[in-house]
Each structure stands twice: as structure tokens, then as C-alpha cells.
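A.B. asks: There's a structure below that I have some questions on.
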Amino acid sequence: MKKIVTVLLSISGFLSAFSQETINEGIIEMKVHLTFPESDQPPAPEAGGNSFRIGDLDIKSKMFFKNGNMKMENDAGMGKNLTYYNAETKTTTTLMEMMGKKMGFYSNEEEMKKLMAGADSSNKPKVQAFKPEVFIEYLSDSKVIAGITCYKAIIRYKNSKGEEKQQELWYTPTFKMGEGLKMSSFMRTDVPGLNKLKGFPMEMETVQPNGMKMHYTVTKIDKEAKVDDKTFIIPSGYDIKPQSEMMRGGNMQFRIGGSRD
């Protein structure tokens with residue numbers, strides 16, 4: 001009986017050691033390391049191709065957030081692309097410069113309805129939102145990331161095909177984001193359950209359907225930063241179209257920061 005009480009007290013002490021705070025404003029920096037699959041590489045010279053190989057790619061990202069609004073700057077060394085999320089309209093807008101042209105696209109609930117209608121009109125299966133049941137296992141494994149002690153967690157779920165999936169990640173239980181800001185937008189991933197995590201995700205690696213690996217690591221957190229409201233104003237001069245116009249056969253015609261929307 002004494003052993004049980006001791007264990008319970010230890011667990012209680014572990015949990016109470018973290019007075020979790022909710023932050024609604026600040027700046028978070030991270031790095032993303034992309035590893036492209038062989039299928040995305042051009043043919044080798046002996047196969048009639050050229051000698052240029054894509055290799056890995058490192059992207060530096062900086063997220064400004066305030067009261068649910070977000071601005072993400074992604075820099076891969078070849079120019080920046082920007083992503084804005086408006087909490088009031090629930091609209092995500094992505095901007096980029098390609099071959100001297102400023103362009104972008106936006107997506108919201110109305111756009112998603114159009115995409116679904118488009119799928120139906122082309123005799124494709126109706127697109128429906130998939131919301132799997134998620135289970136999160138919290139482990140005691142720890143390591144320091146960006147000066148913060150983080151712990152391992154495993155998100156377990158079934159995909160739309162009923163296949164068992166799991167996602168390992170490292171998180172800090174010391175704080176979480178305020179309402180309205182989606183972790184999937186920050187991490188640019190479709191892994192379910194991130195918003196249910198009892199803390200903030202600090203590091204994880206995902207694998208895209210085409211085999212591309214994306215390793216995310218938070219490098220700096222400034223919870224005291226004061227973010228100007230003007231930060232979330234979308235700049236002029238960009239040709240911004242609905243996402244439905246930027247789709248072809250269900251796939252984006254270009255890549256954003258190495259990932260595919």
C-alpha cells in the first residue's frame with residue numbers, strides 16, 4: 001500500500017511541477033529538414049539525364065502569432081514564401097514569388113465546398129472530412145530542445161483506410177497555444193491530434209505519401225514578444241487566386257517550402 005501511495009505522489013509531483021500557461025502572442029522559430037525520395041530525383045547521366053541532383057533542403061521558418069492570427073515566413077535560401085491565417089475568417093493565404101512573379105492562393109470553408117463540388121462533378125468520390133479517433137501516449141523519455149526540457153509522446157490513430165498509424169514527437173508540457181491557432185498549420189502536417197496534445201510540439205518527423213521526410217525542430221521561442229497587428233496584413237502586389245483555381249487533377253501545381261498542399 002505504501003508503494004502505491006509513493007508512486008501516486010510521485011506522479012502527482014511530476015504533473016504539478018508544470019504550471020502550464022496559455023500563450024496568445026509571441027514568435028516561434030524553427031528549422032525544417034527535407035529529405036527527398038529517389039523517385040523525385042532526375043535520371044542519372046548514365047540513364048540519359050543530367051548530373052543535377054536535388055539533395056536535402058533546409059528551411060528556416062518564423063511564426064508570428066497573436067489572438068489566433070498567424071503569419072509564417074519560410075526561407076529556403078532561394079527566397080521567402082509567406083503564409084497568413086486569419087482567425088476571424090478562418091482563411092489561410094499563401095504568397096510566393098516565382099520567376100519574378102508575385103502570386104498566391106487562399107483557402108477557407110467556402111473554397112473547400114467548391115473543391116468538394118468539383119470532385120463530385122467530375123465523377124470522383126465525394127470528398128468528406130476525415131476525423132479519426134486519436135489516442136495520445138505520454139512517455140517519460142526526455143531531452144532538451146531550444147533550452148527547454150521536452151518529453152516524448154506518441155499519437156496513435158487509424159487513417160481513412162482503417163490502417164493503424166502512429167506519430168512520435170517531442171513536446172513541452174510547460175505551455176500551450178491559445179484557442180484558434182491550429183498546430184497543423186504551424187507544422188504544415190495533416191497528423192491528427194496535435195491540438196489535443198497536452199503542451200506544445202517541439203520536434204517531430206513526418207513522411208509524406210511520396211516518401212519525402214520532413215523533420216521539424218523548434219529553435220527559439222519568444223513568449224514575451226509584442227507582435228504588431230500590422231504583421232497580419234496581407235501585402236499588396238500579389239495575384240491571389242482561390243485554391244480551387246490552383247488545383248489540377250487534385251494536386252497543387254507547385255510546391256510551398258518543399259511540402260505539397
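Numbering starts fresh at 1 for the residues of each chain in the C-alpha cells, the chains themselves are lettered A, B, ... in the order given, and ligands are numbered from 1 as they appear.
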So which residues touch segment 30-38 of chain A within 9 Å, counting only C-alpha atoms, skipping near sequence neighbours fewer than 4 positions away, as number ranges by chain?
C.D. replies: A: 42, 54-63, 202, 210-221, 258-259
A.B. asks: Using only C-alpha atoms for the distances, tell me which of A:Asp222, A:Glu163, A:Glu73, A:Glu29 is nearest to Glu203 of chain A.
C.D. replies: A:Glu29
